[in-house]
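Q: Can you read through this structure? Questions will come right after.
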2 protein chains.
Amino acid sequence: MVSNPSNFEAAKSIFTAYLETKLLRKTPERYAILEEIYSRNDHFEVEDLYISMKNKKYQVSRATVYNTLDLLVECDLVKKHQFGKNLAQYEKAYGSKQHDHLICVDCHKVMEFCDPRVQNIQNMVGDMLKFKVMHHSLIFYGTCERTDCEHKTKEAS
Amino acid sequence: MVSNPSNFEAAKSIFTAYLETKLLRKTPERYAILEEIYSRNDHFEVEDLYISMKNKKYQVSRATVYNTLDLLVECDLVKKHQFGKNLAQYEKAYGSKQHDHLICVDCHKVMEFCDPRVQNIQNMVGDMLKFKVMHHSLIFYGTCERTDCEHKTKEAS
DNA sequence: TTGAGTGCAAACTTTTTGCAATGTT
DNA sequence: AACATTGCAAAAAGTTTGCACTCAA
């Protein structure tokens, strides 16, 4: 979901507060990664982020990217997804409203939607099973009808 | 969800029909893997299956396990999950009713629940976004209140 | 000053692939 | 007999780890 540009500033304050609370160091690499993430929209993977940063002022290592992403997920500034592949995908979380995803199994496009009923189900199921639900992941897999959907021709049977 | 033992026989027929339609070979390895899967309950990973089979009459290779799992997922006899980790988990699908999952972030226990409203949301969102939804994945993450939940003590902050 | 954090490369884990041997059709 | 399928081991792909160096506190 599109978010306004000042979200980075807000995210930065939250991150600073988090680092201070946890007695972690406020390194330039960590802020550079946060900035890069908040300059992006939609979903990206670690390698995307790493490559983008390689081409900019901050050359960070993959280890630092992984490390920082963990911190950002921990303080809810970034969401981590596992969209069926063995490859984590991330998106910024601050200032975007709660949403879930649809993924086209042909062109792999990721779309988003909101439906308040998901929250109701979450609350009810949590109560019923004595389970304190903290977050959820709802993904619909199917085919989109975009004209530019690159329908992979499945192996002829 | 628990299923009755004869599900293996039914699954076997379905698999045979699938293999014949696709002009694939009916090898003993494929049936042995199907049998092993249908003798299990709940969720397992590739290595679990591979190890179990190593200790039985059929010694199959990992490559064959992966290959066969793909076929079984394709013909809906097995469901593949990506529960947040970079590790695929599977469960038999025939004869079990549609359900979704709750996962305890502390003890990693996987629980199941059914809620028909998920289907409604799926239909509605699909219609709205002109997306033909084929299946979904809904996972609630939280903490269970089982007395035997091995609450990992998070690093003291 | 000092030890948390970084970069790099090596190690690990899960999955995929290449190829010779096997066995279903 | 032909060639899809198997087993094995090597390669990929993504992530984690070990260690010496660096720099935020």
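Residues are referred to by chain and number: the chain letter is A, B, ... according to the order shown in the structure tokens, the number counts from 1 in that chain, and ligands are numbered separately from 1 in the order shown.
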For chain D, which residues have at least one atom within 10 Å of chain B, if we go by only C-alpha atoms (C1' of nucleotides)? Write them as a ChimeraX atom specification, please.
A: /D:4-8,14-15
Q: Please dump the current selection as a short mmCIF file (atom, residue, chain, number, x, y, z; two decimals), in the first residue's frame; keep N, CA and C atoms (P, O5', C5', C4', C3', O3' and C1' of nucleotides).
A:
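Generated output (part00.cif):
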data_model
loop_
_atom_site.label_atom_id
_atom_site.label_comp_id
_atom_site.auth_asym_id
_atom_site.auth_seq_id
_atom_site.Cartn_x
_atom_site.Cartn_y
_atom_site.Cartn_z
P DA D 4 11.23 -39.77 -22.34
"O5'" DA D 4 10.42 -39.88 -20.98
"C5'" DA D 4 9.36 -40.80 -20.87
"C4'" DA D 4 9.34 -41.42 -19.48
"C3'" DA D 4 9.41 -40.41 -18.35
"O3'" DA D 4 8.60 -40.96 -17.32
"C1'" DA D 4 11.27 -41.86 -18.19
P DT D 5 8.33 -40.24 -15.95
"O5'" DT D 5 9.45 -40.88 -15.01
"C5'" DT D 5 9.31 -42.25 -14.62
"C4'" DT D 5 10.44 -42.64 -13.71
"C3'" DT D 5 10.70 -41.68 -12.55
"O3'" DT D 5 10.59 -42.43 -11.36
"C1'" DT D 5 12.71 -42.31 -13.61
P DT D 6 10.93 -41.86 -9.94
"O5'" DT D 6 12.36 -42.50 -9.65
"C5'" DT D 6 12.49 -43.93 -9.61
"C4'" DT D 6 13.94 -44.28 -9.39
"C3'" DT D 6 14.54 -43.59 -8.16
"O3'" DT D 6 14.94 -44.57 -7.20
"C1'" DT D 6 15.94 -43.31 -10.10
P DG D 7 15.38 -44.12 -5.74
"O5'" DG D 7 16.95 -43.99 -5.92
"C5'" DG D 7 17.72 -45.14 -6.24
"C4'" DG D 7 19.19 -44.75 -6.29
"C3'" DG D 7 19.66 -43.98 -5.05
"O3'" DG D 7 20.93 -44.52 -4.67
"C1'" DG D 7 20.06 -42.69 -7.02
P DC D 8 21.58 -44.20 -3.28
"O5'" DC D 8 22.81 -43.27 -3.66
"C5'" DC D 8 23.69 -43.68 -4.70
"C4'" DC D 8 24.39 -42.45 -5.27
"C3'" DC D 8 24.87 -41.47 -4.19
"O3'" DC D 8 26.29 -41.46 -4.19
"C1'" DC D 8 23.90 -40.35 -6.06
P DG D 14 18.01 -17.25 -4.27
"O5'" DG D 14 18.00 -17.36 -2.68
"C5'" DG D 14 17.01 -18.17 -2.06
"C4'" DG D 14 17.28 -18.28 -0.59
"C3'" DG D 14 17.50 -16.94 0.10
"O3'" DG D 14 16.68 -16.93 1.27
"C1'" DG D 14 19.30 -18.41 0.56
P DT D 15 16.67 -15.72 2.28
"O5'" DT D 15 17.68 -16.23 3.39
"C5'" DT D 15 17.40 -17.47 4.04
"C4'" DT D 15 18.51 -17.81 5.00
"C3'" DT D 15 18.84 -16.72 6.02
"O3'" DT D 15 18.52 -17.25 7.29
"C1'" DT D 15 20.81 -17.67 5.07
#
Q: Quick one: residues within 12 Å of Gly84 (chain B), only C-alpha atoms (C1' of nucleotides) counted, chain neighbours fewer than 4 positions away excluded, as a VMD selection string?
A: (chain A and resid 79 to 89 136 to 137) or (chain B and resid 88 to 89 102 to 105 108 137 to 141)
Q: Output N, CA and C atoms of each residue in that selection to a file, as a short mmCIF file (atom, residue, chain, number, x, y, z; two decimals), in the first residue's frame.
A:
data_model
loop_
_atom_site.label_atom_id
_atom_site.label_comp_id
_atom_site.auth_asym_id
_atom_site.auth_seq_id
_atom_site.Cartn_x
_atom_site.Cartn_y
_atom_site.Cartn_z
N LYS A 79 7.73 -5.83 7.54
CA LYS A 79 7.03 -7.10 7.61
C LYS A 79 7.78 -8.12 6.76
N LYS A 80 7.89 -9.31 7.29
CA LYS A 80 8.57 -10.38 6.54
C LYS A 80 7.52 -11.36 6.04
N HIS A 81 7.63 -11.75 4.77
CA HIS A 81 6.68 -12.71 4.20
C HIS A 81 7.40 -13.92 3.65
N GLN A 82 6.67 -15.00 3.61
CA GLN A 82 7.18 -16.23 3.02
C GLN A 82 6.09 -16.64 2.05
N PHE A 83 6.16 -16.10 0.84
CA PHE A 83 5.07 -16.32 -0.12
C PHE A 83 5.15 -17.66 -0.84
N GLY A 84 5.33 -18.73 -0.12
CA GLY A 84 5.28 -20.04 -0.77
C GLY A 84 6.62 -20.51 -1.30
N LYS A 85 7.48 -19.57 -1.66
CA LYS A 85 8.80 -19.96 -2.12
C LYS A 85 9.75 -20.00 -0.92
N ASN A 86 10.91 -20.59 -1.10
CA ASN A 86 11.90 -20.60 -0.03
C ASN A 86 12.72 -19.33 -0.09
N LEU A 87 12.05 -18.23 0.01
CA LEU A 87 12.74 -16.98 -0.19
C LEU A 87 11.94 -15.95 0.55
N ALA A 88 12.57 -15.31 1.52
CA ALA A 88 11.83 -14.34 2.30
C ALA A 88 11.62 -13.07 1.49
N GLN A 89 10.45 -12.47 1.62
CA GLN A 89 10.19 -11.18 0.99
C GLN A 89 9.76 -10.23 2.09
N HIS A 136 -1.08 -12.46 11.60
CA HIS A 136 -1.52 -13.52 10.71
C HIS A 136 -0.97 -13.31 9.32
N SER A 137 -1.14 -14.32 8.51
CA SER A 137 -0.75 -14.25 7.11
C SER A 137 -1.86 -14.90 6.31
N ALA B 88 9.97 -26.22 3.58
CA ALA B 88 8.62 -26.61 3.20
C ALA B 88 8.10 -27.69 4.14
N GLN B 89 6.83 -27.60 4.48
CA GLN B 89 6.21 -28.66 5.26
C GLN B 89 5.02 -29.15 4.47
N LEU B 102 -2.90 -22.50 12.98
CA LEU B 102 -2.38 -21.61 14.01
C LEU B 102 -1.01 -22.17 14.37
N ILE B 103 -0.03 -21.31 14.50
CA ILE B 103 1.29 -21.79 14.87
C ILE B 103 1.79 -21.04 16.11
N CYS B 104 2.25 -21.81 17.07
CA CYS B 104 2.78 -21.21 18.28
C CYS B 104 4.22 -20.79 18.00
N VAL B 105 4.48 -19.50 18.19
CA VAL B 105 5.82 -19.00 17.88
C VAL B 105 6.83 -19.44 18.93
N HIS B 108 6.34 -23.91 18.41
CA HIS B 108 6.20 -24.31 17.01
C HIS B 108 5.11 -25.33 16.75
N SER B 137 -3.91 -19.65 1.86
CA SER B 137 -3.14 -20.04 3.03
C SER B 137 -3.43 -19.00 4.09
N LEU B 138 -3.99 -19.44 5.21
CA LEU B 138 -4.26 -18.51 6.32
C LEU B 138 -3.58 -19.07 7.56
N ILE B 139 -2.68 -18.31 8.10
CA ILE B 139 -1.95 -18.76 9.28
C ILE B 139 -2.01 -17.70 10.37
N PHE B 140 -2.37 -18.13 11.56
CA PHE B 140 -2.34 -17.24 12.71
C PHE B 140 -1.10 -17.58 13.52
N TYR B 141 -0.31 -16.57 13.85
CA TYR B 141 0.89 -16.78 14.67
C TYR B 141 0.64 -16.19 16.04
#
Q: Could you pull out all residues of chain B with a DSSP call of strand (DSSP E) and give them as a count of residues only?
A: 33
Q: Kindly provide, as a PDB file with C-alpha atoms (C1' of nucleotides), in the first residue's frame, the residues of chain C having any atom no farther than 10 Å from an atom of chain B, counting only C-alpha atoms (C1' of nucleotides).
A:
ATOM      1  C1'  DT C  13      20.544 -26.010   5.039  1.00  0.00           C
ATOM      2  C1'  DT C  14      17.224 -26.958   1.799  1.00  0.00           C
ATOM      3  C1'  DT C  15      16.312 -27.805  -2.876  1.00  0.00           C
ATOM      4  C1'  DT C  16      17.674 -28.586  -7.714  1.00  0.00           C
ATOM      5  C1'  DT C  17      20.385 -30.580 -11.326  1.00  0.00           C
ATOM      6  C1'  DG C  23      13.199 -50.726 -14.909  1.00  0.00           C
ATOM      7  C1'  DT C  24       8.224 -49.428 -16.639  1.00  0.00           C
ATOM      8  C1'  DT C  25       5.811 -49.506 -20.688  1.00  0.00           C
TER       9       DT C  25
END
Q: Run DSSP on the backbone and give me the residues of region 59-133 of chain A it puts in alpha helix (DSSP H), as a list of chain:residue names.
A: A:Arg62, A:Ala63, A:Thr64, A:Val65, A:Tyr66, A:Asn67, A:Thr68, A:Leu69, A:Asp70, A:Leu71, A:Leu72, A:Val73, A:Glu74, A:Arg117, A:Val118, A:Gln119, A:Asn120, A:Ile121, A:Gln122, A:Asn123, A:Met124, A:Val125, A:Gly126, A:Asp127, A:Met128
Q: For chain B, which residue out of A:Tyr31, A:Phe15, A:Phe131, A:Tyr58 is the nearest one, using only C-alpha atoms?
A: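 Among the listed residues, A:Phe131 lies closest to chain B.
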Q: Can you pull out the residues contacting region 17-20 of chain A? Cut-off 12 Å, using only C-alpha atoms (C1' of nucleotides), and skip same-chain residues under 4 positions away; I want them as a list in words.
A: Ala10, Ala11, Lys12, Ser13, Leu24, Arg25, Lys26, Thr27, Arg30, Tyr31, Thr68, Leu71, Leu72, Val73, Glu74, Cys75, Asp76 and Leu77 of chain A; Ser157 of chain B; DA25 of chain D
Q: Using only C-alpha atoms, which residue out of A:Cys149, A:Lys57, A:Leu49, A:Thr21 lies closest to chain B?
A: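 Among A:Cys149, A:Lys57, A:Leu49, A:Thr21, it is A:Thr21 that comes nearest to chain B.
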